[in-house]
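What follows is a set of notes on a single structure, which appears directly below.
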Amino acid sequence: MAPTKIIETQKREFSQVVEKAQKPIVVTGQTVVLDVRSRFDYGLNHVENSINFPWQNLAESQQSGELLKDQRQAALRLALLGLNPQTPVVIVGNGPAGLGEEGRLAWNLLYLGFQDVQVSSIEAFRKIMTPSDTPPVLNEKPWPVHAKLSLQI
């Protein structure tokens, strides 16, 4: 008789991401667009008023990809961009030509408690792109992190 294999799986709460992916991207006056492409690509042309913010800004190191151990530090970095968990966010990247950077940042924001996160390829925004500098944003007050542990990988 062969041994029985037991596999434990944890249900992940990705329904929000799936629902958002099936609807058109919504950008309002309150929406913050985060661009995860390289600083060079961002400098050449980016979505008007977007912020260059690669996922590595919320990681201990690029090599390990490990989340920042100090979640308060992650919240502070996002607050300095004018973000809090109620801020609607659209993350743009290279889409199929990239390495999934936008998905990585989206997961990170959802893990940190963000409610409204959408992901798109930069190609969807070609008509509203500019090489002009983005004006400075107003900082948010630091906020407590209520991590969604069910999204931990």
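Chain identifiers are assigned as A, B, and so on, following the order in which chains appear in the structure tokens; residues are numbered from 1 within each chain, and ligands are numbered from 1 in order of appearance.
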
Query raised in the report: If you run DSSP on the backbone, which residues of stretch 62-144 of chain A are strand (DSSP E or B), as a PyMOL selection string?
Result: chain A and resi 67+89-93+117-121+129-130

Taking N, CA, C and O atoms for each residue, export the selection above as a compact mmCIF listing (two decimals), in the first residue's frame.
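File produced: out-v9.txt:
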# COMPACT_ATOMS: atom_id res chain seq x y z
N LEU A 67 9.70 40.80 1.79
CA LEU A 67 9.01 42.02 2.21
C LEU A 67 9.81 42.77 3.26
O LEU A 67 10.58 42.15 4.01
N VAL A 89 -5.56 52.96 -6.41
CA VAL A 89 -4.25 52.89 -7.05
C VAL A 89 -4.36 52.12 -8.35
O VAL A 89 -5.00 51.07 -8.42
N VAL A 90 -3.71 52.65 -9.40
CA VAL A 90 -3.54 51.93 -10.66
C VAL A 90 -2.04 51.74 -10.83
O VAL A 90 -1.27 52.70 -10.78
N ILE A 91 -1.63 50.51 -11.03
CA ILE A 91 -0.21 50.19 -11.21
C ILE A 91 0.00 49.85 -12.69
O ILE A 91 -0.68 49.00 -13.24
N VAL A 92 0.96 50.57 -13.31
CA VAL A 92 1.25 50.31 -14.71
C VAL A 92 2.68 49.78 -14.85
O VAL A 92 3.57 50.14 -14.08
N GLY A 93 2.84 48.90 -15.81
CA GLY A 93 4.15 48.31 -16.08
C GLY A 93 4.25 47.92 -17.54
O GLY A 93 3.43 48.34 -18.36
N VAL A 117 -7.01 48.35 -5.83
CA VAL A 117 -5.77 48.24 -6.60
C VAL A 117 -6.11 47.64 -7.96
O VAL A 117 -6.74 46.60 -8.05
N GLN A 118 -5.68 48.35 -9.01
CA GLN A 118 -5.87 47.88 -10.38
C GLN A 118 -4.50 47.79 -11.06
O GLN A 118 -3.59 48.52 -10.70
N VAL A 119 -4.38 46.92 -12.04
CA VAL A 119 -3.12 46.71 -12.75
C VAL A 119 -3.38 46.85 -14.25
O VAL A 119 -4.39 46.40 -14.75
N SER A 120 -2.41 47.48 -14.94
CA SER A 120 -2.56 47.66 -16.38
C SER A 120 -1.20 47.73 -17.05
O SER A 120 -0.19 48.07 -16.42
N SER A 121 -1.20 47.45 -18.33
CA SER A 121 0.00 47.65 -19.14
C SER A 121 0.09 49.14 -19.47
O SER A 121 -0.93 49.82 -19.63
N MET A 129 0.39 60.18 -22.08
CA MET A 129 1.75 60.10 -21.57
C MET A 129 2.52 61.37 -21.87
O MET A 129 2.22 62.08 -22.81
N THR A 130 3.51 61.64 -21.03
CA THR A 130 4.29 62.86 -21.14
C THR A 130 5.70 62.62 -20.60
O THR A 130 5.89 61.80 -19.71

Query - Contacts of stretch 55-64 of chain A within 9 Å, only C-alpha atoms, excl. fewer than 2 positions in-chain, as a PyMOL selection string - result: chain A and resi 36+53+66-69+73-74+77-78+101-102+104-106+108

Write a file of the just-selected residues containing all heavy atoms, as a tab-separated table (two decimals), in the first residue's frame.
chain	number	residue	atom	x	y	z
A	36	VAL	N	5.84	51.04	-12.37
A	36	VAL	CA	6.89	50.16	-11.86
A	36	VAL	C	8.02	49.94	-12.85
A	36	VAL	O	8.96	49.20	-12.56
A	36	VAL	CB	6.31	48.79	-11.44
A	36	VAL	CG1	5.33	48.94	-10.30
A	36	VAL	CG2	5.68	48.08	-12.61
A	53	PHE	N	7.58	54.03	-8.94
A	53	PHE	CA	7.70	53.32	-7.66
A	53	PHE	C	7.83	51.83	-7.91
A	53	PHE	O	6.83	51.10	-7.96
A	53	PHE	CB	6.47	53.62	-6.78
A	53	PHE	CG	6.63	53.18	-5.35
A	53	PHE	CD1	7.40	53.92	-4.47
A	53	PHE	CD2	6.03	52.02	-4.89
A	53	PHE	CE1	7.54	53.53	-3.15
A	53	PHE	CE2	6.17	51.62	-3.58
A	53	PHE	CZ	6.93	52.37	-2.70
A	66	GLU	N	12.26	39.57	-0.36
A	66	GLU	CA	11.56	39.51	0.93
A	66	GLU	C	10.92	40.85	1.27
A	66	GLU	O	11.51	41.91	1.04
A	66	GLU	CB	12.58	39.13	2.01
A	66	GLU	CG	11.99	38.93	3.37
A	66	GLU	CD	13.06	38.57	4.40
A	66	GLU	OE1	14.26	38.56	4.06
A	66	GLU	OE2	12.67	38.33	5.54
A	67	LEU	N	9.70	40.80	1.79
A	67	LEU	CA	9.01	42.02	2.21
A	67	LEU	C	9.81	42.77	3.26
A	67	LEU	O	10.58	42.15	4.01
A	67	LEU	CB	7.65	41.68	2.81
A	67	LEU	CG	6.58	41.17	1.88
A	67	LEU	CD1	5.38	40.71	2.69
A	67	LEU	CD2	6.17	42.23	0.90
A	68	LEU	N	9.60	44.08	3.34
A	68	LEU	CA	10.21	44.83	4.42
A	68	LEU	C	9.77	44.22	5.75
A	68	LEU	O	8.58	43.97	5.96
A	68	LEU	CB	9.77	46.30	4.38
A	68	LEU	CG	10.48	47.20	3.38
A	68	LEU	CD1	9.81	48.57	3.34
A	68	LEU	CD2	11.95	47.34	3.72
A	69	LYS	N	10.72	43.97	6.62
A	69	LYS	CA	10.38	43.38	7.92
A	69	LYS	C	9.61	44.38	8.77
A	69	LYS	O	8.75	44.00	9.55
A	69	LYS	CB	11.65	42.93	8.62
A	69	LYS	CG	12.28	41.73	7.93
A	69	LYS	CD	13.55	41.29	8.62
A	69	LYS	CE	14.08	40.06	7.94
A	69	LYS	NZ	15.33	40.24	7.28
A	73	GLN	N	7.65	50.92	8.28
A	73	GLN	CA	8.51	51.57	7.28
A	73	GLN	C	7.85	51.54	5.90
A	73	GLN	O	7.90	52.52	5.16
A	73	GLN	CB	9.88	50.87	7.24
A	73	GLN	CG	10.85	51.47	6.27
A	73	GLN	CD	11.36	52.83	6.69
A	73	GLN	OE1	11.09	53.32	7.77
A	73	GLN	NE2	12.09	53.47	5.82
A	74	ALA	N	7.22	50.43	5.56
A	74	ALA	CA	6.50	50.33	4.28
A	74	ALA	C	5.37	51.35	4.23
A	74	ALA	O	5.19	52.05	3.23
A	74	ALA	CB	5.96	48.92	4.09
A	77	ARG	N	6.78	54.85	3.70
A	77	ARG	CA	7.19	55.08	2.32
A	77	ARG	C	5.99	55.37	1.42
A	77	ARG	O	6.04	56.22	0.53
A	77	ARG	CB	7.97	53.88	1.78
A	77	ARG	CG	9.33	53.74	2.40
A	77	ARG	CD	10.08	52.55	1.89
A	77	ARG	NE	11.32	52.39	2.64
A	77	ARG	CZ	12.23	51.49	2.38
A	77	ARG	NH1	12.06	50.63	1.39
A	77	ARG	NH2	13.33	51.40	3.11
A	78	LEU	N	4.90	54.66	1.65
A	78	LEU	CA	3.69	54.89	0.85
A	78	LEU	C	3.01	56.20	1.25
A	78	LEU	O	2.49	56.91	0.39
A	78	LEU	CB	2.75	53.70	1.01
A	78	LEU	CG	3.29	52.40	0.40
A	78	LEU	CD1	2.48	51.20	0.88
A	78	LEU	CD2	3.31	52.47	-1.11
A	101	GLU	N	6.35	42.84	-12.70
A	101	GLU	CA	6.61	43.81	-11.64
A	101	GLU	C	5.33	44.44	-11.11
A	101	GLU	O	5.17	44.65	-9.90
A	101	GLU	CB	7.53	44.93	-12.13
A	101	GLU	CG	8.91	44.47	-12.53
A	101	GLU	CD	9.03	44.14	-14.01
A	101	GLU	OE1	7.99	43.94	-14.69
A	101	GLU	OE2	10.17	44.04	-14.48
A	102	GLU	N	4.38	44.73	-12.01
A	102	GLU	CA	3.14	45.37	-11.57
A	102	GLU	C	2.31	44.44	-10.70
A	102	GLU	O	1.68	44.87	-9.73
A	102	GLU	CB	2.32	45.92	-12.75
A	102	GLU	CG	1.99	44.94	-13.84
A	102	GLU	CD	3.03	44.82	-14.93
A	102	GLU	OE1	4.24	44.83	-14.65
A	102	GLU	OE2	2.63	44.69	-16.09
A	104	ARG	N	3.57	42.14	-8.75
A	104	ARG	CA	4.27	42.04	-7.47
A	104	ARG	C	3.92	43.23	-6.58
A	104	ARG	O	3.64	43.07	-5.38
A	104	ARG	CB	5.78	41.99	-7.71
A	104	ARG	CG	6.65	42.14	-6.48
A	104	ARG	CD	6.38	41.02	-5.47
A	104	ARG	NE	6.96	41.32	-4.18
A	104	ARG	CZ	8.03	40.73	-3.68
A	104	ARG	NH1	8.63	39.79	-4.36
A	104	ARG	NH2	8.49	41.08	-2.51
A	105	LEU	N	3.90	44.44	-7.13
A	105	LEU	CA	3.55	45.61	-6.33
A	105	LEU	C	2.08	45.56	-5.93
A	105	LEU	O	1.73	45.91	-4.80
A	105	LEU	CB	3.86	46.91	-7.09
A	105	LEU	CG	3.58	48.19	-6.30
A	105	LEU	CD1	4.37	48.24	-5.00
A	105	LEU	CD2	3.88	49.42	-7.15
A	106	ALA	N	1.21	45.12	-6.82
A	106	ALA	CA	-0.22	45.01	-6.49
A	106	ALA	C	-0.42	44.06	-5.32
A	106	ALA	O	-1.15	44.37	-4.37
A	106	ALA	CB	-1.01	44.52	-7.71
A	108	ASN	N	1.74	43.33	-3.03
A	108	ASN	CA	2.30	43.97	-1.85
A	108	ASN	C	1.32	44.98	-1.25
A	108	ASN	O	1.13	45.02	-0.03
A	108	ASN	CB	3.61	44.66	-2.23
A	108	ASN	CG	4.66	44.57	-1.17
A	108	ASN	OD1	4.35	44.52	0.01
A	108	ASN	ND2	5.90	44.54	-1.58

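Distance check against A:Ser132 using only C-alpha atoms: of A:Ile51, A:Ala2, A:Ile25, A:Val33, the minimum falls on A:Ile51.
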
Query - DSSP-assigned alpha helix (DSSP H) among stretch 54-84 of chain A, expressed as a ChimeraX atom specification - result: /A:71-79

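Distance check against A:Ala147 using only C-alpha atoms: of A:Pro131, A:Pro85, A:Gly43, A:Gly100, the minimum falls on A:Pro85.
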
Query raised in the report: Rounded to one decimal in Å, what is the spacing between atom CA of A:Leu110 and atom CA of A:Leu151?
Result: 7.8 Å

**Report entry** Which of A:Leu80, A:Met1, A:Leu138, A:Ile122 sits closest to A:Tyr42 [using only C-alpha atoms]
**Finding:** A:Ile122

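Going from atom CA of A:Arg72 over to atom CA of A:Pro144, you cover 7.0 Å.
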
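Atom to atom, atom CA of A:Thr134 and atom CA of A:Asp116 stand 22.2 Å apart.
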
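Comparing A:Leu44, A:Gln71, A:Pro24, A:Asn49 by their smallest distance to A:Pro136, the closest is A:Asn49 (using only C-alpha atoms).
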